[in-house]
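Visitor: start08.cif is reproduced below (mmCIF, C-alpha atoms).
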data_data
loop_
_atom_site.label_atom_id
_atom_site.label_comp_id
_atom_site.auth_asym_id
_atom_site.auth_seq_id
_atom_site.Cartn_x
_atom_site.Cartn_y
_atom_site.Cartn_z
CA MET A 1 12.47 -5.88 -47.07
CA LEU A 2 9.03 -7.21 -46.15
CA GLN A 3 6.08 -4.87 -45.82
CA PRO A 4 4.38 -4.58 -42.41
CA SER A 5 1.34 -6.83 -42.21
CA PHE A 6 -0.78 -7.63 -39.17
CA THR A 7 -3.81 -9.80 -38.46
CA MET A 8 -6.06 -9.53 -35.42
CA GLN A 9 -5.79 -12.75 -33.35
CA THR A 10 -6.70 -13.53 -29.75
CA PRO A 11 -3.55 -14.79 -28.00
CA GLU A 12 -3.86 -17.75 -25.63
CA SER A 13 -4.85 -16.61 -22.11
CA GLU A 14 -6.12 -13.27 -23.43
CA ASP A 15 -9.70 -12.06 -23.67
CA ARG A 16 -9.50 -9.90 -26.78
CA PRO A 17 -7.86 -9.86 -30.22
CA ARG A 18 -4.44 -8.25 -30.62
CA ARG A 19 -2.41 -7.19 -33.67
CA VAL A 20 -0.17 -10.16 -34.51
CA CYS A 21 2.53 -9.85 -37.18
CA ASP A 22 2.04 -12.06 -40.25
CA HIS A 23 5.81 -12.49 -40.67
CA CYS A 24 7.03 -13.17 -37.12
CA ALA A 25 5.80 -14.02 -33.60
CA PHE A 26 5.49 -10.36 -32.57
CA THR A 27 2.27 -9.28 -30.85
CA ASP A 28 1.76 -5.53 -31.14
CA TYR A 29 -0.04 -4.58 -27.92
CA VAL A 30 -1.72 -1.28 -28.67
CA ASN A 31 -2.98 0.76 -25.72
CA PRO A 32 -4.33 4.27 -25.41
CA LYS A 33 -1.77 7.03 -25.69
CA VAL A 34 -1.37 9.89 -23.24
CA VAL A 35 -1.49 13.51 -24.38
CA VAL A 36 -0.23 16.10 -21.91
CA GLY A 37 -0.73 19.85 -22.13
CA ALA A 38 -1.37 23.05 -20.27
CA VAL A 39 -3.67 26.03 -19.96
CA VAL A 40 -1.05 28.72 -19.45
CA VAL A 41 -2.46 31.92 -17.98
CA GLU A 42 -0.88 35.31 -17.39
CA ASP A 43 -2.81 38.40 -16.33
CA ASP A 44 -6.15 36.91 -17.43
CA HIS A 45 -4.76 36.00 -20.82
CA VAL A 46 -4.29 32.45 -22.08
CA LEU A 47 -1.55 31.09 -24.35
CA LEU A 48 -2.64 29.53 -27.64
CA CYS A 49 -0.60 28.11 -30.50
CA LYS A 50 -1.61 28.17 -34.17
CA ARG A 51 -0.80 24.76 -35.60
CA ALA A 52 1.84 24.56 -38.35
CA ILE A 53 1.22 20.84 -38.91
CA ALA A 54 -1.62 18.47 -39.71
CA PRO A 55 -4.11 17.67 -38.39
CA ARG A 56 -5.95 20.98 -38.08
CA LEU A 57 -3.20 23.11 -39.58
CA GLY A 58 -3.93 26.81 -39.00
CA PHE A 59 -6.24 26.21 -36.05
CA TRP A 60 -5.50 27.25 -32.48
CA THR A 61 -4.55 24.77 -29.78
CA LEU A 62 -3.04 24.56 -26.31
CA PRO A 63 0.62 23.56 -26.02
CA ALA A 64 0.20 19.78 -25.79
CA GLY A 65 1.45 16.54 -27.28
CA PHE A 66 2.15 12.85 -26.80
CA LEU A 67 3.88 11.77 -23.62
CA GLU A 68 7.14 9.96 -24.40
CA GLU A 69 8.70 6.90 -22.76
CA ASN A 70 10.33 7.46 -19.36
CA GLU A 71 8.73 10.87 -18.88
CA THR A 72 6.47 12.00 -16.07
CA VAL A 73 3.29 13.79 -17.11
CA GLU A 74 4.78 16.95 -15.65
CA GLU A 75 8.03 16.62 -17.66
CA GLY A 76 6.10 15.92 -20.85
CA THR A 77 3.97 19.02 -20.37
CA LEU A 78 7.03 21.22 -19.85
CA ARG A 79 8.72 19.69 -22.93
CA GLU A 80 5.70 20.30 -25.16
CA ALA A 81 5.49 23.94 -24.08
CA ARG A 82 9.19 24.33 -24.93
CA GLU A 83 8.78 22.64 -28.32
CA GLU A 84 5.60 24.39 -29.42
CA ALA A 85 5.83 27.78 -27.76
CA CYS A 86 9.48 28.15 -26.64
CA ALA A 87 8.00 28.77 -23.20
CA GLU A 88 9.23 27.75 -19.75
CA LEU A 89 6.33 26.88 -17.45
CA VAL A 90 5.52 26.33 -13.81
CA LEU A 91 2.73 23.77 -13.34
CA ASP A 92 0.09 24.47 -10.70
CA GLY A 93 -1.84 21.19 -10.73
CA VAL A 94 -3.98 18.92 -12.89
CA LEU A 95 -6.93 20.76 -14.40
CA SER A 96 -8.57 17.80 -16.13
CA VAL A 97 -8.30 14.21 -17.31
CA TYR A 98 -10.16 13.69 -20.59
CA SER A 99 -10.77 10.48 -22.52
CA VAL A 100 -11.19 10.39 -26.29
CA PRO A 101 -12.00 6.69 -26.78
CA ARG A 102 -12.62 6.99 -30.54
CA ILE A 103 -8.91 7.64 -31.00
CA SER A 104 -7.81 5.94 -27.75
CA GLN A 105 -6.34 9.00 -26.08
CA VAL A 106 -6.17 10.09 -22.46
CA GLN A 107 -5.45 13.79 -22.10
CA VAL A 108 -4.00 15.19 -18.88
CA MET A 109 -4.21 18.99 -18.86
CA PHE A 110 -2.44 21.16 -16.29
CA ARG A 111 -2.98 24.66 -14.98
CA ALA A 112 0.24 26.56 -15.59
CA ARG A 113 1.97 29.94 -15.70
CA PHE A 114 5.23 31.24 -17.15
CA ALA A 115 8.42 30.45 -15.24
CA SER A 116 10.23 33.19 -17.17
CA PRO A 117 9.08 35.85 -19.62
CA GLY A 118 8.85 35.26 -23.32
CA PHE A 119 7.46 32.82 -25.84
CA SER A 120 7.69 32.34 -29.58
CA PRO A 121 6.57 29.80 -32.18
CA GLY A 122 8.41 26.46 -32.21
CA PRO A 123 8.65 24.39 -35.41
CA GLU A 124 5.11 22.99 -34.98
CA SER A 125 3.49 26.41 -34.52
CA LEU A 126 2.80 29.20 -37.03
CA GLU A 127 2.12 31.70 -34.28
CA VAL A 128 1.75 31.81 -30.50
CA ALA A 129 -0.20 34.49 -28.68
CA LEU A 130 -1.88 35.46 -25.44
CA PHE A 131 -5.64 35.95 -25.71
CA ALA A 132 -7.99 37.68 -23.29
CA TRP A 133 -10.83 35.30 -22.43
CA LYS A 134 -13.28 37.36 -24.47
CA ASP A 135 -11.00 37.28 -27.50
CA ILE A 136 -10.43 33.51 -27.65
CA PRO A 137 -11.04 32.36 -31.26
CA TRP A 138 -13.70 29.81 -30.23
CA GLY A 139 -14.60 29.10 -33.84
CA GLN A 140 -11.00 28.35 -34.79
CA LEU A 141 -9.94 25.92 -32.05
CA ALA A 142 -8.20 22.78 -33.28
CA PHE A 143 -9.88 20.12 -31.11
CA PRO A 144 -12.96 19.76 -28.89
CA SER A 145 -10.76 19.17 -25.85
CA VAL A 146 -9.13 22.59 -26.30
CA ARG A 147 -12.55 24.15 -25.74
CA TRP A 148 -13.23 21.82 -22.79
CA ALA A 149 -9.98 22.77 -21.07
CA LEU A 150 -10.50 26.51 -21.62
CA GLU A 151 -14.06 26.32 -20.30
CA HIS A 152 -13.03 24.14 -17.36
CA TYR A 153 -10.28 26.61 -16.49
CA GLN A 154 -12.93 29.31 -16.31
CA ASP A 155 -15.10 26.99 -14.16
CA TRP A 156 -12.09 26.49 -11.90
CA LEU A 157 -11.60 30.27 -11.64
CA ALA A 158 -15.26 30.47 -10.62
CA GLY A 159 -14.64 28.02 -7.77
CA ALA A 160 -15.41 24.56 -9.20
CA ALA A 161 -13.19 21.71 -8.01
CA ALA A 162 -10.60 20.15 -10.30
CA PRO A 163 -9.92 17.75 -11.87
CA PHE A 164 -12.58 17.87 -14.52
CA SER A 165 -13.55 14.97 -16.77
CA ASN A 166 -15.20 15.06 -20.21
CA PRO A 167 -18.12 17.47 -20.18
CA HIS A 168 -21.37 15.54 -19.98
CA GLY A 169 -22.31 14.01 -23.30
CA THR A 170 -18.99 14.54 -25.02
CA VAL A 171 -17.48 11.06 -25.16
CA TYR A 172 -16.62 10.58 -28.84
CA ARG A 173 -16.82 6.98 -30.11
CA MET B 1 7.94 -18.08 -38.98
CA LEU B 2 10.51 -15.36 -38.29
CA GLN B 3 11.38 -14.36 -34.73
CA PRO B 4 10.65 -10.75 -33.67
CA SER B 5 13.73 -8.58 -33.99
CA PHE B 6 13.97 -4.81 -33.59
CA THR B 7 16.74 -2.22 -33.84
CA MET B 8 16.58 1.32 -32.45
CA GLN B 9 16.74 3.82 -35.34
CA THR B 10 15.82 7.50 -35.58
CA PRO B 11 13.21 7.90 -38.32
CA GLU B 12 13.53 10.85 -40.68
CA SER B 13 11.83 13.97 -39.22
CA GLU B 14 11.92 12.51 -35.71
CA ASP B 15 14.06 13.62 -32.79
CA ARG B 16 14.58 10.30 -31.02
CA PRO B 17 15.24 6.62 -31.82
CA ARG B 18 12.27 4.29 -32.27
CA ARG B 19 12.00 0.49 -32.44
CA VAL B 20 12.20 -0.46 -36.12
CA CYS B 21 11.57 -4.05 -37.25
CA ASP B 22 14.56 -5.83 -38.80
CA HIS B 23 12.29 -7.79 -41.17
CA CYS B 24 9.86 -5.15 -42.45
CA ALA B 25 9.26 -1.40 -42.56
CA PHE B 26 7.24 -1.38 -39.33
CA THR B 27 8.10 1.28 -36.72
CA ASP B 28 6.92 0.24 -33.28
CA TYR B 29 6.03 3.52 -31.57
CA VAL B 30 6.14 2.76 -27.87
CA ASN B 31 4.51 5.25 -25.52
CA PRO B 32 3.70 5.17 -21.84
CA LYS B 33 0.76 3.01 -20.87
CA VAL B 34 -2.14 4.10 -18.71
CA VAL B 35 -3.09 2.19 -15.57
CA VAL B 36 -6.49 2.98 -14.08
CA GLY B 37 -7.74 1.96 -10.65
CA ALA B 38 -9.74 2.95 -7.62
CA VAL B 39 -9.63 3.43 -3.88
CA VAL B 40 -13.01 1.91 -3.01
CA VAL B 41 -14.24 2.90 0.43
CA GLU B 42 -17.23 1.70 2.45
CA ASP B 43 -17.84 2.62 6.10
CA ASP B 44 -14.20 3.64 6.62
CA HIS B 45 -12.94 0.40 5.14
CA VAL B 46 -10.98 0.13 1.89
CA LEU B 47 -11.10 -2.66 -0.69
CA LEU B 48 -7.85 -4.50 -1.39
CA CYS B 49 -7.13 -7.48 -3.65
CA LYS B 50 -4.47 -10.12 -3.00
CA ARG B 51 -2.72 -10.75 -6.31
CA ALA B 52 -3.02 -14.23 -7.86
CA ILE B 53 -0.59 -13.38 -10.66
CA ALA B 54 2.96 -12.09 -11.14
CA PRO B 55 4.37 -9.61 -10.51
CA ARG B 56 4.01 -9.40 -6.71
CA LEU B 57 1.88 -12.55 -6.38
CA GLY B 58 0.42 -12.77 -2.88
CA PHE B 59 0.73 -9.04 -2.19
CA TRP B 60 -2.20 -6.65 -1.75
CA THR B 61 -3.18 -4.11 -4.35
CA LEU B 62 -6.01 -1.81 -5.39
CA PRO B 63 -8.32 -2.97 -8.19
CA ALA B 64 -6.41 -1.54 -11.18
CA GLY B 65 -5.01 -2.46 -14.55
CA PHE B 66 -4.08 -1.34 -18.04
CA LEU B 67 -6.52 0.84 -19.93
CA GLU B 68 -7.60 -0.80 -23.18
CA GLU B 69 -8.19 0.71 -26.61
CA ASN B 70 -11.42 2.69 -27.06
CA GLU B 71 -12.10 2.89 -23.32
CA THR B 72 -12.50 5.98 -21.20
CA VAL B 73 -10.50 6.05 -17.98
CA GLU B 74 -13.80 5.72 -16.11
CA GLU B 75 -14.87 2.64 -18.11
CA GLY B 76 -11.48 1.01 -17.63
CA THR B 77 -11.63 1.54 -13.89
CA LEU B 78 -15.11 -0.03 -13.66
CA ARG B 79 -13.95 -2.99 -15.81
CA GLU B 80 -10.88 -3.67 -13.68
CA ALA B 81 -12.98 -3.68 -10.49
CA ARG B 82 -15.32 -6.19 -12.13
CA GLU B 83 -12.46 -8.38 -13.31
CA GLU B 84 -10.40 -8.36 -10.13
CA ALA B 85 -13.01 -8.01 -7.38
CA CYS B 86 -16.37 -8.83 -9.05
CA ALA B 87 -17.45 -5.41 -7.78
CA GLU B 88 -19.69 -2.78 -9.33
CA LEU B 89 -18.47 0.74 -8.53
CA VAL B 90 -19.60 4.34 -8.60
CA LEU B 91 -16.71 6.73 -9.29
CA ASP B 92 -16.55 9.96 -7.30
CA GLY B 93 -13.67 11.74 -9.05
CA VAL B 94 -9.96 11.52 -9.80
CA LEU B 95 -7.89 11.08 -6.65
CA SER B 96 -4.45 11.19 -8.25
CA VAL B 97 -2.36 11.08 -11.40
CA TYR B 98 0.95 9.31 -10.82
CA SER B 99 3.88 8.85 -13.20
CA VAL B 100 6.24 5.88 -12.98
CA PRO B 101 8.76 6.87 -15.68
CA ARG B 102 11.08 3.89 -15.04
CA ILE B 103 8.40 1.62 -16.47
CA SER B 104 6.65 4.33 -18.54
CA GLN B 105 3.32 4.22 -16.76
CA VAL B 106 0.77 6.90 -15.98
CA GLN B 107 -1.63 5.84 -13.23
CA VAL B 108 -5.02 7.51 -12.87
CA MET B 109 -6.63 6.57 -9.54
CA PHE B 110 -10.25 7.33 -8.70
CA ARG B 111 -12.17 7.72 -5.45
CA ALA B 112 -15.00 5.17 -5.57
CA ARG B 113 -17.71 3.34 -3.64
CA PHE B 114 -19.83 0.27 -4.27
CA ALA B 115 -22.78 0.63 -6.66
CA SER B 116 -24.27 -2.59 -5.30
CA PRO B 117 -23.34 -4.86 -2.39
CA GLY B 118 -20.94 -7.72 -2.74
CA PHE B 119 -17.47 -8.53 -4.04
CA SER B 120 -15.42 -11.66 -4.51
CA PRO B 121 -12.07 -12.64 -6.04
CA GLY B 122 -11.86 -12.59 -9.83
CA PRO B 123 -9.36 -14.80 -11.67
CA GLU B 124 -6.44 -12.44 -10.98
CA SER B 125 -7.09 -12.27 -7.21
CA LEU B 126 -6.54 -14.85 -4.48
CA GLU B 127 -8.67 -12.91 -2.02
CA VAL B 128 -10.47 -9.57 -1.79
CA ALA B 129 -11.28 -7.89 1.50
CA LEU B 130 -12.27 -4.65 3.18
CA PHE B 131 -9.68 -3.30 5.61
CA ALA B 132 -10.10 -0.68 8.31
CA TRP B 133 -7.45 2.02 7.80
CA LYS B 134 -5.55 0.84 10.90
CA ASP B 135 -5.52 -2.75 9.63
CA ILE B 136 -4.14 -2.07 6.14
CA PRO B 137 -1.24 -4.51 5.54
CA TRP B 138 1.26 -1.72 4.79
CA GLY B 139 4.16 -4.16 4.72
CA GLN B 140 2.47 -6.39 2.16
CA LEU B 141 1.36 -3.89 -0.47
CA ALA B 142 2.20 -4.85 -4.05
CA PHE B 143 3.45 -1.51 -5.43
CA PRO B 144 4.61 1.88 -4.11
CA SER B 145 1.70 3.62 -5.80
CA VAL B 146 -0.79 1.53 -3.78
CA ARG B 147 0.62 3.13 -0.65
CA TRP B 148 0.59 6.58 -2.30
CA ALA B 149 -3.08 6.27 -3.23
CA LEU B 150 -4.11 5.01 0.20
CA GLU B 151 -2.20 7.80 1.93
CA HIS B 152 -3.52 10.42 -0.49
CA TYR B 153 -7.07 9.21 0.11
CA GLN B 154 -6.52 9.82 3.81
CA ASP B 155 -5.08 13.28 2.99
CA TRP B 156 -8.19 13.95 0.93
CA LEU B 157 -10.40 12.88 3.86
CA ALA B 158 -8.44 15.35 5.97
CA GLY B 159 -9.28 18.17 3.54
CA ALA B 160 -6.38 18.28 1.05
CA ALA B 161 -7.31 19.09 -2.57
CA ALA B 162 -7.21 16.37 -5.23
CA PRO B 163 -5.76 15.42 -7.60
CA PHE B 164 -2.49 14.37 -6.05
CA SER B 165 0.72 13.71 -7.97
CA ASN B 166 3.69 11.54 -6.98
CA PRO B 167 4.64 12.21 -3.37
CA HIS B 168 7.71 14.42 -3.25
CA GLY B 169 10.88 12.50 -4.02
CA THR B 170 9.21 9.36 -5.31
CA VAL B 171 9.79 9.52 -9.07
CA TYR B 172 11.36 6.14 -9.87
CA ARG B 173 13.84 6.12 -12.77
#
Rewrite the coordinates I just gave you, this time as C-alpha cells.

Guide:
Amino acid sequence: MLQPSFTMQTPESEDRPRRVCDHCAFTDYVNPKVVVGAVVVEDDHVLLCKRAIAPRLGFWTLPAGFLEENETVEEGTLREAREEACAELVLDGVLSVYSVPRISQVQVMFRARFASPGFSPGPESLEVALFAWKDIPWGQLAFPSVRWALEHYQDWLAGAAAPFSNPHGTVYR
Amino acid sequence: MLQPSFTMQTPESEDRPRRVCDHCAFTDYVNPKVVVGAVVVEDDHVLLCKRAIAPRLGFWTLPAGFLEENETVEEGTLREAREEACAELVLDGVLSVYSVPRISQVQVMFRARFASPGFSPGPESLEVALFAWKDIPWGQLAFPSVRWALEHYQDWLAGAAAPFSNPHGTVYR
C-alpha cells in the first residue's frame, strides 16, 4: 500500500494551488467545513457539554459538530445534540454565522429549546448540565466561538437582531 | 500515473462509510461545501449575472460561489462579486442560510449594496444588469435558491425577520 502524498499545484484554468496526489490524477479540493450547533435554553439556563475528547478535553462547549454530507444545517444540529447530549431539540432560528478562517470553518449556531425533557452525556461528553447565566464557567469554555454564541444569545435576549457575525476584532488567522 | 480510485469503507471509530483511496491510506473526508453570495440592491433594483459557464449557462443568478480555504463568509462574498460582476460591495447582514442536501451545499446569502459605482461582467458572466423587482426574469433564473433569496429579500423589505431558511417544502434530496 502506498502512503498518502500530496503536492500543491495550480490546475489548468484555476487561480490557486490545490492538493494534487503524487500517485494518481486526483485533485483534493479542500474547502471550509461547516460546524452546526445550538444554544439550548430552558428557564434561563443554558445547556453545556463537558468534552470527553480532544481537542479541549474537559472544557465546556455547546452541542455542535461537523455537518455531514446530505444533511441540512437543521438536521445536523439536531443530530449533534442527540449524539453529545442525548437531547431532542426544537430549533427557533439562526443565532449567528461565524467564520474561523485560520482553520477554515463556518459555524452556524441556532437558538433552540428542548423538544422533550431529559438529557445525558453522549460518548463525546463527560458531563452535560444546565447553567444559569451567572454560573456559566466562562474560564473553562472550550472555544472562543462558544463564548461568542453565549454572549450573542444574551444580546438577542436584550433585543439585538440576529444573525450575529464574529464579534468585532475576533477573526482568527 | 495511477488513475484515482476510491472505495467506501467505514474507518475504525467512525459511524459511517468514507471514501478511502484504493492505492494509498488516504481517507477523503467529504463534507458539505459552503456557497456565499449576495442580493445587491440599488434604488429598488437588484443585481443579476447571466452565467457564462455550466451549469445553467445563459441563466440569471446572484453573484455567488464556493467559499475558499482561510476566507470568512464575508470575504468570500466580496470576492465572488468582484469575480463575477466586477463590483465592490458593502454587506448589510445575513439574509438567509439555505441547505441543499441533495448536493451537500450550505448557502449563506447576504443583503448588500454597492461600495462604489459601476459593475461589468467578469469571466464567468455573459452580462450583468440591475433589474426592477417587476422585471426580474423569474423564468430564467439559474437555481431554485436564487428565487428563494430574491423572494426572501422582498419579505425582509416587508418587515419579516432575517435570517431565512429554506422555504417550507423545498428541501431537495

Visitor: Given only C-alpha atoms, how would the per-residue table for stretch 32-127 of chain B near stretch 67-83 of chain A read, listing every residue at most 12 Å away with its closest atom pair and distance in Å to one decimal, sorted by chain and number, as a tab-separated table?

Guide:
residue	atom	partner	partner_atom	distance
B:Pro32	CA	A:Glu69	CA	5.4
B:Lys33	CA	A:Glu69	CA	9.0
B:Val34	CA	A:Leu67	CA	10.9
B:Val97	CA	A:Val73	CA	8.5
B:Tyr98	CA	A:Val73	CA	8.1
B:Ser99	CA	A:Thr72	CA	5.0
B:Val100	CA	A:Thr72	CA	6.9
B:Pro101	CA	A:Asn70	CA	4.0
B:Arg102	CA	A:Asn70	CA	5.7
B:Ile103	CA	A:Asn70	CA	6.8
B:Ser104	CA	A:Asn70	CA	4.9
B:Gln105	CA	A:Asn70	CA	8.1
B:Val106	CA	A:Val73	CA	7.4
B:Gln107	CA	A:Val73	CA	10.1
B:Val108	CA	A:Val73	CA	11.2

Visitor: Residues at most 12 Å from B:Pro137, counting only C-alpha atoms, excluding those fewer than 4 positions away in the same chain, as a list in words?

Guide: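 Near B:Pro137, the qualifying residues are Val46, Leu47, Leu48, Cys49, Lys50, Gly58, Phe59, Trp60, Thr61, Ala129, Leu130, Phe131, Ala132, Trp133, Leu141, Ala142, Val146, Arg147 and Leu150 of chain B.
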
Visitor: Considering all atoms listed in the file, can you say which of A:Phe66, A:Tyr153, A:Trp148, A:Phe114 comes closest to chain B?

Guide: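 Answer, going by the shortest atom-to-atom distance: A:Phe66.
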
Visitor: So the first atom is atom CA of B:Leu2 and the second is atom CA of B:Pro17; what is the distance between them in Å, to one decimal place?

Guide: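 A separation of 23.4 Å between them.
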
Visitor: If we count only C-alpha atoms, what is near stretch 89-94 of chain B at a cut-off of 7 Å, once residues fewer than 5 positions away on the same chain are taken out, given as an MDAnalysis selection string?

Guide: (chainID A and resid 163) or (chainID B and resid 78 109:115 163)

Visitor: Skipping near chain neighbours, those fewer than 2 positions away, what residues fall within 9 Å of stretch 21-23 of chain B using all atoms listed in the file, listed as a PyMOL selection string?

Guide: (chain A and resi 1-4+23-24) or (chain B and resi 2+4-8+19+25-28)

Visitor: Restricting the calculation to only C-alpha atoms: of A:Ser165, A:Ser120, A:Thr10, A:Gln154, which residue gets closest to chain B?

Guide: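 Checking each of A:Ser165, A:Ser120, A:Thr10, A:Gln154 against chain B, counting only C-alpha atoms, the winner is A:Ser165.
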
Visitor: Would you please work out which residue, of B:Cys86, B:Leu95, B:Gly118, B:Ala52, is nearest to chain A when using all atoms listed in the file?

Guide: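 The answer is B:Leu95, which sits nearest to chain A.
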